[in-house]
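Contents: one structure, followed by commentary.
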Amino acid sequence: FRRVLFRSRREARRLKAKLHTADPYEICAEMRIRIELQPMGTNPGSCKGFCLTRFRKKVITLNSDLPEEIRRIILIHELGHAVLHSRILS
């Protein structure tokens with residue numbers, strides 16, 4: 001677990017330095033990761049967001065029923081999946 005956490009932090013620092021921003025929306029735009037909003041409910045068990053590859057393009061879908069502050073946190077989490085899993089596969 002520590003190794004994964006260290007790798008995640010290192011990759012986040014690398015991206016921020018390379019793209020000159022810490023804004024997850026700007027990072028997604030620079031990396032051509034599409035962001036979609038879909039209503040998924042507000043129950044505690046509702047999906048908050050997910051990341052997938054569609055037609056060789058990465059797409060992050062966020063729950064539009066959540067407040068913007070929470071969507072931003074979920075975006076950061078899903079961006080981590082998009083970046084780290086692509087590194088594993090490449």
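FYI, nothing fancy with the structure tokens labels: chains A, B, ... in order, residues from 1 per chain, ligands from 1 as they appear.
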
Inset, instruction - Excluding A:Glu36 and any residue of its chain fewer than 6 positions from it, enumerate the residues within 12 Å of it, using only C-alpha atoms, and give them as a ChimeraX atom specification. - result: /A:25,28,49-52,58-64,71,75

Write out as a PDB file with C-alpha atoms, in the first residue's frame the set of residues from chain A that DSSP, computed on the backbone, places in alpha helix (DSSP H).
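What ended up in out26.pdb:
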ATOM      1  CA  ARG A   2       2.807   2.442   0.853  1.00  0.00           C
ATOM      2  CA  ARG A   3       4.458   1.879  -2.489  1.00  0.00           C
ATOM      3  CA  VAL A   4       1.210   2.649  -4.339  1.00  0.00           C
ATOM      4  CA  LEU A   5       0.702   5.798  -2.257  1.00  0.00           C
ATOM      5  CA  PHE A   6       4.280   6.934  -2.899  1.00  0.00           C
ATOM      6  CA  ARG A   7       3.888   6.303  -6.630  1.00  0.00           C
ATOM      7  CA  SER A   8       0.588   8.206  -6.692  1.00  0.00           C
ATOM      8  CA  ARG A   9       2.100  11.224  -4.977  1.00  0.00           C
ATOM      9  CA  ARG A  10       5.154  11.177  -7.223  1.00  0.00           C
ATOM     10  CA  GLU A  11       2.982  11.023 -10.344  1.00  0.00           C
ATOM     11  CA  ALA A  12       0.773  13.885  -9.084  1.00  0.00           C
ATOM     12  CA  ARG A  13       3.850  16.070  -8.515  1.00  0.00           C
ATOM     13  CA  ARG A  14       5.206  15.177 -11.958  1.00  0.00           C
ATOM     14  CA  LEU A  15       1.931  16.120 -13.666  1.00  0.00           C
ATOM     15  CA  LYS A  16       1.611  19.408 -11.787  1.00  0.00           C
ATOM     16  CA  ALA A  17       5.165  20.374 -12.733  1.00  0.00           C
ATOM     17  CA  LYS A  18       4.812  19.304 -16.371  1.00  0.00           C
ATOM     18  CA  LEU A  19       1.459  21.006 -16.935  1.00  0.00           C
ATOM     19  CA  PRO A  24      -7.820  18.729 -12.112  1.00  0.00           C
ATOM     20  CA  TYR A  25     -10.115  20.162 -14.811  1.00  0.00           C
ATOM     21  CA  GLU A  26      -7.136  21.779 -16.562  1.00  0.00           C
ATOM     22  CA  ILE A  27      -5.074  18.595 -16.223  1.00  0.00           C
ATOM     23  CA  CYS A  28      -7.877  16.578 -17.824  1.00  0.00           C
ATOM     24  CA  ALA A  29      -8.123  19.105 -20.660  1.00  0.00           C
ATOM     25  CA  GLU A  30      -4.366  18.982 -21.278  1.00  0.00           C
ATOM     26  CA  GLU A  68     -19.112  20.853  -6.988  1.00  0.00           C
ATOM     27  CA  GLU A  69     -16.618  20.536  -4.090  1.00  0.00           C
ATOM     28  CA  ILE A  70     -17.282  16.800  -3.863  1.00  0.00           C
ATOM     29  CA  ARG A  71     -17.201  16.351  -7.650  1.00  0.00           C
ATOM     30  CA  ARG A  72     -13.760  17.978  -7.655  1.00  0.00           C
ATOM     31  CA  ILE A  73     -12.485  15.460  -5.088  1.00  0.00           C
ATOM     32  CA  ILE A  74     -13.984  12.585  -7.083  1.00  0.00           C
ATOM     33  CA  LEU A  75     -12.400  13.980 -10.273  1.00  0.00           C
ATOM     34  CA  ILE A  76      -8.971  13.978  -8.619  1.00  0.00           C
ATOM     35  CA  HIS A  77      -9.502  10.381  -7.523  1.00  0.00           C
ATOM     36  CA  GLU A  78     -10.633   9.251 -10.990  1.00  0.00           C
ATOM     37  CA  LEU A  79      -7.821  11.197 -12.662  1.00  0.00           C
ATOM     38  CA  GLY A  80      -5.448   9.136 -10.522  1.00  0.00           C
ATOM     39  CA  HIS A  81      -6.979   5.961 -11.951  1.00  0.00           C
ATOM     40  CA  ALA A  82      -6.727   7.320 -15.498  1.00  0.00           C
ATOM     41  CA  VAL A  83      -3.052   8.208 -15.116  1.00  0.00           C
ATOM     42  CA  LEU A  84      -1.816   5.334 -12.982  1.00  0.00           C
ATOM     43  CA  HIS A  85      -3.626   2.565 -14.850  1.00  0.00           C
ATOM     44  CA  SER A  86      -2.415   3.851 -18.210  1.00  0.00           C
ATOM     45  CA  ARG A  87       1.148   3.757 -16.854  1.00  0.00           C
ATOM     46  CA  ILE A  88       0.669   0.117 -15.845  1.00  0.00           C
ATOM     47  CA  LEU A  89      -0.634  -0.826 -19.280  1.00  0.00           C
TER      48      LEU A  89
END

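What separates atom CA of A:Leu66 from atom CA of A:Asp23 is a distance of 18.7 Å.
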
Inset, instruction - Just the strand (DSSP E) stuff from chain A, please, per backbone DSSP, written as JSON, numbers by chain. - result: {"A": [34, 35, 36, 37, 38, 49, 50, 51, 52, 53, 54, 57, 58, 59, 60, 61, 62, 63]}

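One finds atom CA of A:His20 at 27.5 Å from atom CA of A:Lys48.
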